[in-house]
file input_8.txt (compact mmCIF, C-alpha atoms)
# COMPACT_ATOMS: atom_id res chain seq x y z
CA MET A 1 14.70 -3.54 2.61
CA THR A 2 15.78 -1.29 5.46
CA GLN A 3 14.14 2.09 6.04
CA ASN A 4 17.26 4.10 5.18
CA ILE A 5 18.41 2.20 2.09
CA TYR A 6 17.57 5.03 -0.33
CA TYR A 7 19.25 7.58 1.93
CA PHE A 8 22.41 5.46 1.78
CA TYR A 9 21.96 5.13 -1.99
CA ASP A 10 21.75 8.92 -2.41
CA GLN A 11 24.86 9.44 -0.29
CA ILE A 12 27.11 7.18 -2.38
CA LYS A 13 25.66 7.27 -5.92
CA ASP A 14 27.95 10.09 -7.08
CA PHE A 15 31.11 8.32 -5.89
CA VAL A 16 30.71 4.87 -7.46
CA GLY A 17 30.22 3.53 -10.96
CA ARG A 18 27.22 1.32 -10.24
CA ILE A 19 24.94 0.48 -7.32
CA VAL A 20 22.93 -2.72 -7.19
CA LEU A 21 20.07 -3.08 -4.72
CA VAL A 22 19.30 -6.76 -4.20
CA ASP A 23 15.89 -8.24 -3.49
CA THR A 24 16.77 -10.46 -0.54
CA TYR A 25 13.44 -12.28 -0.69
CA ARG A 26 14.14 -13.52 -4.19
CA PHE A 27 17.85 -13.98 -3.56
CA SER A 28 17.46 -16.81 -1.07
CA VAL A 29 20.95 -18.25 -1.56
CA ILE A 30 22.40 -16.12 1.23
CA ALA A 31 19.46 -16.73 3.53
CA LYS A 32 19.83 -20.49 3.14
CA SER A 33 23.58 -20.48 3.43
CA LYS A 34 24.96 -22.54 6.30
CA LYS A 35 27.99 -20.31 6.62
CA LYS A 36 26.55 -16.99 7.73
CA THR A 37 29.35 -14.44 7.79
CA ASP A 38 29.68 -11.04 6.13
CA LYS A 39 32.62 -12.33 4.10
CA ALA A 40 30.70 -15.37 2.82
CA ASP A 41 27.66 -13.25 1.96
CA ALA A 42 29.79 -10.70 0.11
CA LEU A 43 31.48 -13.48 -1.87
CA ALA A 44 28.12 -14.97 -2.88
CA LEU A 45 26.84 -11.58 -3.95
CA ALA A 46 29.97 -10.91 -5.99
CA ARG A 47 29.73 -14.26 -7.77
CA PHE A 48 26.08 -13.81 -8.71
CA LEU A 49 26.70 -10.21 -9.75
CA LYS A 50 29.43 -11.39 -12.12
CA LEU A 51 26.97 -13.90 -13.61
CA ASP A 52 24.32 -11.16 -13.83
CA HIS A 53 21.95 -13.30 -11.76
CA LEU A 54 21.23 -10.90 -8.91
CA PRO A 55 17.53 -10.02 -8.57
CA GLU A 56 17.80 -6.24 -8.57
CA VAL A 57 15.40 -3.81 -6.95
CA PRO A 58 14.70 -0.83 -9.23
CA VAL A 59 15.47 2.52 -7.63
CA PRO A 60 12.30 4.63 -7.67
CA SER A 61 12.20 8.34 -8.35
CA GLU A 62 12.01 10.82 -5.50
CA ARG A 63 8.32 11.38 -6.28
CA VAL A 64 7.57 7.66 -6.02
CA ARG A 65 9.51 7.37 -2.77
CA GLN A 66 7.52 10.22 -1.24
CA LEU A 67 4.26 8.68 -2.41
CA ARG A 68 5.16 5.33 -0.87
CA HIS A 69 5.94 6.99 2.46
CA LEU A 70 2.69 8.95 2.36
CA LEU A 71 0.66 5.87 1.46
CA GLN A 72 2.28 3.89 4.25
CA ALA A 73 1.52 6.69 6.72
CA ARG A 74 -2.08 6.77 5.50
CA GLU A 75 -2.39 3.02 5.97
CA THR A 76 -1.11 3.33 9.53
CA LEU A 77 -3.59 6.09 10.41
CA VAL A 78 -6.47 4.21 8.78
CA GLY A 79 -5.55 1.20 10.91
CA LEU A 80 -5.64 3.34 14.05
CA ARG A 81 -9.01 4.74 13.03
CA THR A 82 -10.40 1.25 12.54
CA LYS A 83 -9.24 0.27 16.04
CA LEU A 84 -10.99 3.32 17.48
CA LYS A 85 -14.20 2.44 15.66
CA ASN A 86 -13.97 -1.07 17.08
CA LEU A 87 -13.48 0.48 20.52
CA GLY A 88 -16.64 2.50 20.07
CA HIS A 89 -18.60 -0.49 18.79
CA ALA A 90 -17.46 -2.50 21.80
CA ALA A 91 -18.74 0.19 24.18
CA LEU A 92 -22.11 0.09 22.45
CA THR A 93 -22.24 -3.70 22.37
CA ARG A 94 -21.58 -3.95 26.11
CA ASN A 95 -24.75 -1.90 26.58
CA GLY A 96 -26.83 -4.12 24.32
CA ILE A 97 -26.65 -1.76 21.32
CA ALA A 98 -25.88 -3.40 17.98
CA LEU A 99 -25.26 -1.00 15.12
CA SER A 100 -23.82 -1.35 11.62
CA ARG A 101 -20.41 -0.06 10.53
CA SER A 102 -22.08 3.05 9.12
CA ALA A 103 -22.69 4.26 12.69
CA PHE A 104 -19.11 5.60 12.75
CA ALA A 105 -18.76 6.34 9.04
CA CYS A 106 -19.32 10.11 9.05
CA ARG A 107 -19.37 13.07 11.39
CA ILE A 108 -23.18 13.39 11.45
CA ALA A 109 -23.61 9.70 12.35
CA ARG A 110 -21.04 10.01 15.15
CA GLU A 111 -22.76 13.10 16.51
CA ARG A 112 -25.97 11.08 16.78
CA LEU A 113 -24.11 8.51 18.86
CA LEU A 114 -22.97 11.19 21.28
CA LYS A 115 -26.60 12.09 21.98
CA ARG A 116 -27.51 8.61 23.18
CA ASP A 117 -28.54 8.39 26.83
CA ASP A 118 -28.69 4.60 27.15
CA LEU A 119 -25.00 3.99 27.99
CA SER A 120 -23.35 3.67 31.36
CA ALA A 121 -21.16 6.55 32.49
CA ALA A 122 -17.92 4.63 31.85
CA GLU A 123 -18.98 3.48 28.38
CA ARG A 124 -20.05 7.00 27.47
CA VAL A 125 -16.58 8.30 28.31
CA ILE A 126 -15.02 5.55 26.16
CA LEU A 127 -17.38 6.30 23.26
CA GLN A 128 -16.73 10.03 23.46
CA SER A 129 -12.96 9.48 23.51
CA ALA A 130 -13.09 7.14 20.51
CA ILE A 131 -15.27 9.51 18.49
CA ARG A 132 -13.08 12.50 19.32
CA GLN A 133 -9.96 10.69 18.14
CA ILE A 134 -11.71 9.39 15.01
CA GLY A 135 -12.49 12.97 14.06
CA GLU A 136 -8.86 13.99 14.50
CA LEU A 137 -7.66 11.06 12.43
CA ASP A 138 -10.16 11.89 9.68
CA ASN A 139 -8.57 15.32 9.37
CA GLU A 140 -5.04 13.90 9.29
CA ILE A 141 -5.96 11.27 6.71
CA GLU A 142 -7.59 13.92 4.52
CA GLN A 143 -4.39 15.97 4.61
CA LEU A 144 -2.30 12.92 3.65
CA GLU A 145 -4.66 12.06 0.82
CA ALA A 146 -4.54 15.63 -0.48
CA GLU A 147 -0.73 15.46 -0.63
CA ILE A 148 -0.84 12.00 -2.23
CA ILE A 149 -3.15 13.30 -4.94
CA ARG A 150 -1.04 16.43 -5.47
CA LEU A 151 2.10 14.36 -5.98
CA GLY A 152 0.52 11.46 -7.82
CA LYS A 153 -1.96 13.10 -10.17
CA PRO A 154 0.71 14.20 -12.73
CA MET A 155 2.17 10.65 -12.94
CA LYS A 156 2.27 9.07 -16.37
CA GLY A 157 -0.47 6.49 -16.83
CA ILE A 158 -2.97 7.85 -14.29
CA LYS A 159 -5.60 8.78 -16.88
CA ARG A 160 -5.41 5.40 -18.55
CA LEU A 161 -5.58 3.55 -15.26
CA LEU A 162 -8.67 5.52 -14.24
CA GLN A 163 -10.47 3.99 -17.22
CA LEU A 164 -10.61 0.69 -15.32
CA HIS A 165 -14.00 0.07 -13.78
CA GLY A 166 -14.05 0.78 -10.05
CA MET A 167 -10.65 2.49 -9.99
CA ASN A 168 -10.53 5.89 -8.32
CA LEU A 169 -7.71 8.42 -8.24
CA LEU A 170 -6.27 7.32 -4.91
CA SER A 171 -6.25 3.67 -5.98
CA ALA A 172 -4.61 4.52 -9.31
CA ILE A 173 -1.86 6.52 -7.60
CA SER A 174 -1.33 3.66 -5.14
CA VAL A 175 -0.87 1.20 -8.02
CA LEU A 176 1.60 3.40 -9.90
CA ALA A 177 3.51 4.18 -6.71
CA GLU A 178 3.94 0.43 -6.14
CA ILE A 179 5.07 -0.14 -9.72
CA GLY A 180 7.43 2.82 -9.75
CA SER A 181 7.84 3.04 -13.51
CA ILE A 182 6.21 0.83 -16.11
CA GLU A 183 8.97 1.57 -18.61
CA GLN A 184 11.47 -0.57 -16.68
CA PHE A 185 9.55 -3.76 -17.53
CA GLU A 186 9.65 -5.36 -20.97
CA THR A 187 6.51 -7.45 -20.43
CA SER A 188 3.55 -7.45 -18.07
CA LYS A 189 4.71 -10.85 -16.73
CA GLN A 190 7.92 -9.26 -15.50
CA LEU A 191 5.94 -6.55 -13.79
CA VAL A 192 3.66 -9.11 -12.15
CA ALA A 193 6.67 -11.08 -10.91
CA TYR A 194 8.08 -7.92 -9.37
CA SER A 195 4.98 -6.38 -7.82
CA GLY A 196 2.25 -9.02 -7.72
CA LEU A 197 -0.20 -6.42 -8.99
CA ALA A 198 -2.06 -8.59 -11.50
CA THR A 199 -4.63 -9.23 -8.83
CA SER A 200 -7.95 -7.88 -7.75
CA LEU A 201 -7.83 -4.50 -6.06
CA ARG A 202 -10.31 -4.73 -3.20
CA GLN A 203 -11.12 -1.21 -2.10
CA SER A 204 -13.22 0.11 0.74
CA ASN A 205 -13.46 3.40 2.57
CA GLU A 206 -10.95 2.06 5.06
CA THR A 207 -8.16 0.45 3.06
CA ILE A 208 -6.84 -0.40 -0.38
CA ARG A 209 -5.88 -4.06 -0.51
CA GLN A 210 -4.36 -6.34 -3.08
CA GLY A 211 -5.77 -9.84 -3.42
CA HIS A 212 -4.39 -12.72 -5.44
CA ILE A 213 -6.55 -13.96 -8.28
CA THR A 214 -6.34 -17.61 -9.33
CA LYS A 215 -8.51 -19.94 -11.35
CA GLN A 216 -9.78 -21.42 -8.12
CA GLY A 217 -10.37 -18.17 -6.25
CA GLY A 218 -11.47 -14.58 -6.54
CA SER A 219 -14.69 -13.05 -7.72
CA GLY A 220 -15.70 -12.78 -11.36
CA CYS A 221 -15.56 -9.00 -11.07
CA GLY A 222 -12.06 -9.24 -9.61
CA ARG A 223 -10.89 -11.52 -12.40
CA ARG A 224 -12.34 -9.21 -15.04
CA ARG A 225 -10.67 -6.20 -13.44
CA SER A 226 -7.40 -8.12 -13.25
CA ALA A 227 -7.68 -9.01 -16.95
CA ARG A 228 -8.36 -5.39 -17.89
CA PHE A 229 -5.41 -4.28 -15.80
CA SER A 230 -3.14 -6.83 -17.50
CA ARG A 231 -4.29 -5.67 -20.94
CA TRP A 232 -3.64 -2.07 -19.90
CA LEU A 233 -0.13 -3.01 -18.76
CA ASN A 234 0.62 -4.81 -22.02
CA GLU A 235 -0.55 -1.82 -24.04
CA ARG A 236 1.47 0.60 -21.92
CA ILE A 237 4.59 -1.56 -22.25
CA ARG A 238 4.22 -1.88 -26.04
CA HIS A 239 3.83 1.85 -26.47
call {"tool": "encode", "arguments": {"input": "input_8.txt", "output": "structure tokens"}}
result
Amino acid sequence: MTQNIYYFYDQIKDFVGRIVLVDTYRFSVIAKSKKKTDKADALALARFLKLDHLPEVPVPSERVRQLRHLLQARETLVGLRTKLKNLGHAALTRNGIALSRSAFACRIARERLLKRDDLSAAERVILQSAIRQIGELDNEIEQLEAEIIRLGKPMKGIKRLLQLHGMNLLSAISVLAEIGSIEQFETSKQLVAYSGLATSLRQSNETIRQGHITKQGGSGCGRRRSARFSRWLNERIRH
């Protein structure tokens, strides 16, 4: 979906009877069509709309849209921070210094790194630059997380979701922001088909990831968490 799709939606929603947003990944007929013209695509869409076979994309609330943008921005900044930590580790490694990930985890640990006198002049400059930027990114990420929590904490279902073992507030908000609204799904299977969220949620200080759980893969803890999440979804949908 393009970045400005919801802006376009907001501009025209008061002037038309109905707007249908189509999931192009699931609607592969157009993508596989040999005759790729706007007219042919529009005709295919019209035919499937008449048959009520278009895979629609639910339109999220303004709150959910804002949360998704904030979470995406956070993910981008976290990725930049990880690259800077790798840059710092590389500078240390080139000087024969092997440290764990915790060496860059907090401000106090990074300040200890700045006091080292066993690096070359060039590597010290690189390390100082990386640590300085990591500190700035920490502040920006904290501000994003504060806004995410402010917007997401009142969302329906947060308290119930926090009852899952290992789920914190930021993770719970991330899950509900991805879902949008549980009420739009009749069953948990429909929700899973839409979002792919019946999976393990692998969380670290750096990122919040979604991993697929199958009979052949995934940890026991992940499968148990997935099962609890599915039961929670079913209960929420029933009530």
call {"tool": "residues_around", "arguments": {"input": "input_8.txt", "residues": "Lys159 (chain A)", "least_positions_apart": "6", "cutoff": "9 Å", "atoms": "only C-alpha atoms", "output": "PyMOL selection string"}}
result
chain A and resi 153+169+172
call {"tool": "atom_distance", "arguments": {"input": "input_8.txt", "atom1": "CA of Leu151 (chain A)", "atom2": "CA of Leu70 (chain A)"}}
result
10.0 Å
call {"tool": "closest_residue", "arguments": {"input": "input_8.txt", "among": "A:Val20, A:Leu113, A:Val78, A:Glu145", "to": "Lys50 (chain A)", "atoms": "only C-alpha atoms"}}
result
A:Val20
call {"tool": "atom_distance", "arguments": {"input": "input_8.txt", "atom1": "CA of Ile149 (chain A)", "atom2": "CA of Ile173 (chain A)"}}
result
7.4 Å
call {"tool": "atom_distance", "arguments": {"input": "input_8.txt", "atom1": "CA of Gly152 (chain A)", "atom2": "CA of Ser174 (chain A)"}}
result
8.5 Å
call {"tool": "residues_around", "arguments": {"input": "input_8.txt", "residues": "Asp10 (chain A)", "least_positions_apart": "5", "cutoff": "12 Å", "atoms": "all atoms listed in the file", "output": "PyMOL selection string"}}
result
chain A and resi 4-5+15-16+19+59-62
call {"tool": "closest_residue", "arguments": {"input": "input_8.txt", "among": "A:Ile131, A:Leu162, A:Cys106, A:Val22", "to": "Lys83 (chain A)", "atoms": "only C-alpha atoms"}}
result
A:Ile131
call {"tool": "residues_around", "arguments": {"input": "input_8.txt", "residues": "region 132-142 of chain A", "least_positions_apart": "3", "cutoff": "7 Å", "atoms": "all atoms listed in the file", "output": "count of residues only"}}
result
8
call {"tool": "decode", "arguments": {"input": "input_8.txt", "residues": "region 131-173 of chain A", "atoms": "N, CA and C atoms", "output": "mmCIF file, in the first residue's frame"}}
result
data_model
loop_
_atom_site.group_PDB
_atom_site.id
_atom_site.type_symbol
_atom_site.label_atom_id
_atom_site.label_comp_id
_atom_site.auth_asym_id
_atom_site.auth_seq_id
_atom_site.Cartn_x
_atom_site.Cartn_y
_atom_site.Cartn_z
ATOM 1 N N ILE A 131 29.435 6.492 19.821
ATOM 2 C CA ILE A 131 28.814 6.599 21.143
ATOM 3 C C ILE A 131 28.007 7.888 21.275
ATOM 4 N N ARG A 132 28.513 8.963 20.722
ATOM 5 C CA ARG A 132 27.790 10.239 20.768
ATOM 6 C C ARG A 132 26.446 10.123 20.042
ATOM 7 N N GLN A 133 26.458 9.522 18.880
ATOM 8 C CA GLN A 133 25.222 9.365 18.104
ATOM 9 C C GLN A 133 24.263 8.371 18.762
ATOM 10 N N ILE A 134 24.799 7.338 19.394
ATOM 11 C CA ILE A 134 23.945 6.378 20.107
ATOM 12 C C ILE A 134 23.180 7.086 21.218
ATOM 13 N N GLY A 135 23.869 7.971 21.934
ATOM 14 C CA GLY A 135 23.205 8.727 22.988
ATOM 15 C C GLY A 135 22.072 9.588 22.460
ATOM 16 N N GLU A 136 22.310 10.244 21.331
ATOM 17 C CA GLU A 136 21.263 11.065 20.720
ATOM 18 C C GLU A 136 20.075 10.218 20.290
ATOM 19 N N LEU A 137 20.363 9.080 19.702
ATOM 20 C CA LEU A 137 19.278 8.196 19.259
ATOM 21 C C LEU A 137 18.492 7.636 20.443
ATOM 22 N N ASP A 138 19.176 7.345 21.537
ATOM 23 C CA ASP A 138 18.478 6.883 22.743
ATOM 24 C C ASP A 138 17.426 7.896 23.174
ATOM 25 N N ASN A 139 17.795 9.161 23.158
ATOM 26 C CA ASN A 139 16.855 10.215 23.549
ATOM 27 C C ASN A 139 15.671 10.293 22.585
ATOM 28 N N GLU A 140 15.941 10.195 21.290
ATOM 29 C CA GLU A 140 14.865 10.265 20.298
ATOM 30 C C GLU A 140 13.934 9.064 20.412
ATOM 31 N N ILE A 141 14.508 7.895 20.619
ATOM 32 C CA ILE A 141 13.700 6.677 20.753
ATOM 33 C C ILE A 141 12.833 6.752 21.999
ATOM 34 N N GLU A 142 13.374 7.282 23.087
ATOM 35 C CA GLU A 142 12.593 7.437 24.318
ATOM 36 C C GLU A 142 11.403 8.360 24.093
ATOM 37 N N GLN A 143 11.601 9.430 23.335
ATOM 38 C CA GLN A 143 10.502 10.345 23.056
ATOM 39 C C GLN A 143 9.421 9.666 22.209
ATOM 40 N N LEU A 144 9.853 8.887 21.214
ATOM 41 C CA LEU A 144 8.882 8.153 20.391
ATOM 42 C C LEU A 144 8.109 7.147 21.238
ATOM 43 N N GLU A 145 8.813 6.437 22.091
ATOM 44 C CA GLU A 145 8.154 5.437 22.925
ATOM 45 C C GLU A 145 7.167 6.079 23.897
ATOM 46 N N ALA A 146 7.511 7.251 24.413
ATOM 47 C CA ALA A 146 6.601 7.955 25.310
ATOM 48 C C ALA A 146 5.306 8.324 24.581
ATOM 49 N N GLU A 147 5.424 8.772 23.336
ATOM 50 C CA GLU A 147 4.233 9.125 22.554
ATOM 51 C C GLU A 147 3.451 7.876 22.171
ATOM 52 N N ILE A 148 4.142 6.790 21.847
ATOM 53 C CA ILE A 148 3.467 5.526 21.534
ATOM 54 C C ILE A 148 2.647 5.058 22.733
ATOM 55 N N ILE A 149 3.232 5.130 23.910
ATOM 56 C CA ILE A 149 2.529 4.698 25.124
ATOM 57 C C ILE A 149 1.361 5.622 25.432
ATOM 58 N N ARG A 150 1.553 6.927 25.228
ATOM 59 C CA ARG A 150 0.459 7.872 25.486
ATOM 60 C C ARG A 150 -0.743 7.593 24.590
ATOM 61 N N LEU A 151 -0.471 7.328 23.316
ATOM 62 C CA LEU A 151 -1.562 7.057 22.380
ATOM 63 C C LEU A 151 -2.137 5.653 22.544
ATOM 64 N N GLY A 152 -1.273 4.692 22.842
ATOM 65 C CA GLY A 152 -1.711 3.305 22.835
ATOM 66 C C GLY A 152 -2.266 2.779 24.132
ATOM 67 N N LYS A 153 -1.891 3.379 25.246
ATOM 68 C CA LYS A 153 -2.306 2.845 26.545
ATOM 69 C C LYS A 153 -3.826 2.791 26.720
ATOM 70 N N PRO A 154 -4.604 3.772 26.200
ATOM 71 C CA PRO A 154 -6.066 3.697 26.371
ATOM 72 C C PRO A 154 -6.753 2.689 25.437
ATOM 73 N N MET A 155 -6.020 2.041 24.529
ATOM 74 C CA MET A 155 -6.659 1.155 23.555
ATOM 75 C C MET A 155 -7.340 -0.032 24.235
ATOM 76 N N LYS A 156 -8.477 -0.397 23.696
ATOM 77 C CA LYS A 156 -9.235 -1.525 24.216
ATOM 78 C C LYS A 156 -8.461 -2.817 24.034
ATOM 79 N N GLY A 157 -8.320 -3.576 25.105
ATOM 80 C CA GLY A 157 -7.641 -4.866 25.035
ATOM 81 C C GLY A 157 -6.229 -4.864 25.583
ATOM 82 N N ILE A 158 -5.682 -3.682 25.896
ATOM 83 C CA ILE A 158 -4.310 -3.599 26.382
ATOM 84 C C ILE A 158 -4.140 -4.373 27.691
ATOM 85 N N LYS A 159 -5.045 -4.159 28.638
ATOM 86 C CA LYS A 159 -4.911 -4.810 29.946
ATOM 87 C C LYS A 159 -4.959 -6.323 29.828
ATOM 88 N N ARG A 160 -5.830 -6.814 28.973
ATOM 89 C CA ARG A 160 -5.928 -8.263 28.794
ATOM 90 C C ARG A 160 -4.677 -8.814 28.130
ATOM 91 N N LEU A 161 -4.169 -8.090 27.169
ATOM 92 C CA LEU A 161 -2.987 -8.545 26.447
ATOM 93 C C LEU A 161 -1.752 -8.563 27.353
ATOM 94 N N LEU A 162 -1.706 -7.636 28.300
ATOM 95 C CA LEU A 162 -0.581 -7.588 29.236
ATOM 96 C C LEU A 162 -0.562 -8.782 30.191
ATOM 97 N N GLN A 163 -1.647 -9.533 30.236
ATOM 98 C CA GLN A 163 -1.677 -10.724 31.077
ATOM 99 C C GLN A 163 -0.859 -11.869 30.485
ATOM 100 N N LEU A 164 -0.515 -11.768 29.207
ATOM 101 C CA LEU A 164 0.324 -12.783 28.578
ATOM 102 C C LEU A 164 1.736 -12.706 29.133
ATOM 103 N N HIS A 165 2.297 -13.855 29.420
ATOM 104 C CA HIS A 165 3.642 -13.912 29.980
ATOM 105 C C HIS A 165 4.659 -13.317 29.000
ATOM 106 N N GLY A 166 5.491 -12.406 29.504
ATOM 107 C CA GLY A 166 6.547 -11.823 28.685
ATOM 108 C C GLY A 166 6.107 -10.653 27.834
ATOM 109 N N MET A 167 4.845 -10.246 27.928
ATOM 110 C CA MET A 167 4.347 -9.139 27.118
ATOM 111 C C MET A 167 4.432 -7.840 27.910
ATOM 112 N N ASN A 168 5.152 -6.849 27.390
ATOM 113 C CA ASN A 168 5.180 -5.556 28.066
ATOM 114 C C ASN A 168 4.266 -4.572 27.336
ATOM 115 N N LEU A 169 4.196 -3.358 27.863
ATOM 116 C CA LEU A 169 3.240 -2.385 27.337
ATOM 117 C C LEU A 169 3.529 -2.020 25.892
ATOM 118 N N LEU A 170 4.807 -1.819 25.570
ATOM 119 C CA LEU A 170 5.161 -1.442 24.199
ATOM 120 C C LEU A 170 4.829 -2.561 23.214
ATOM 121 N N SER A 171 5.081 -3.798 23.619
ATOM 122 C CA SER A 171 4.755 -4.937 22.756
ATOM 123 C C SER A 171 3.248 -5.055 22.552
ATOM 124 N N ALA A 172 2.490 -4.872 23.629
ATOM 125 C CA ALA A 172 1.036 -4.982 23.544
ATOM 126 C C ALA A 172 0.460 -3.918 22.612
ATOM 127 N N ILE A 173 0.963 -2.698 22.723
ATOM 128 C CA ILE A 173 0.503 -1.621 21.840
ATOM 129 C C ILE A 173 0.863 -1.937 20.391
#
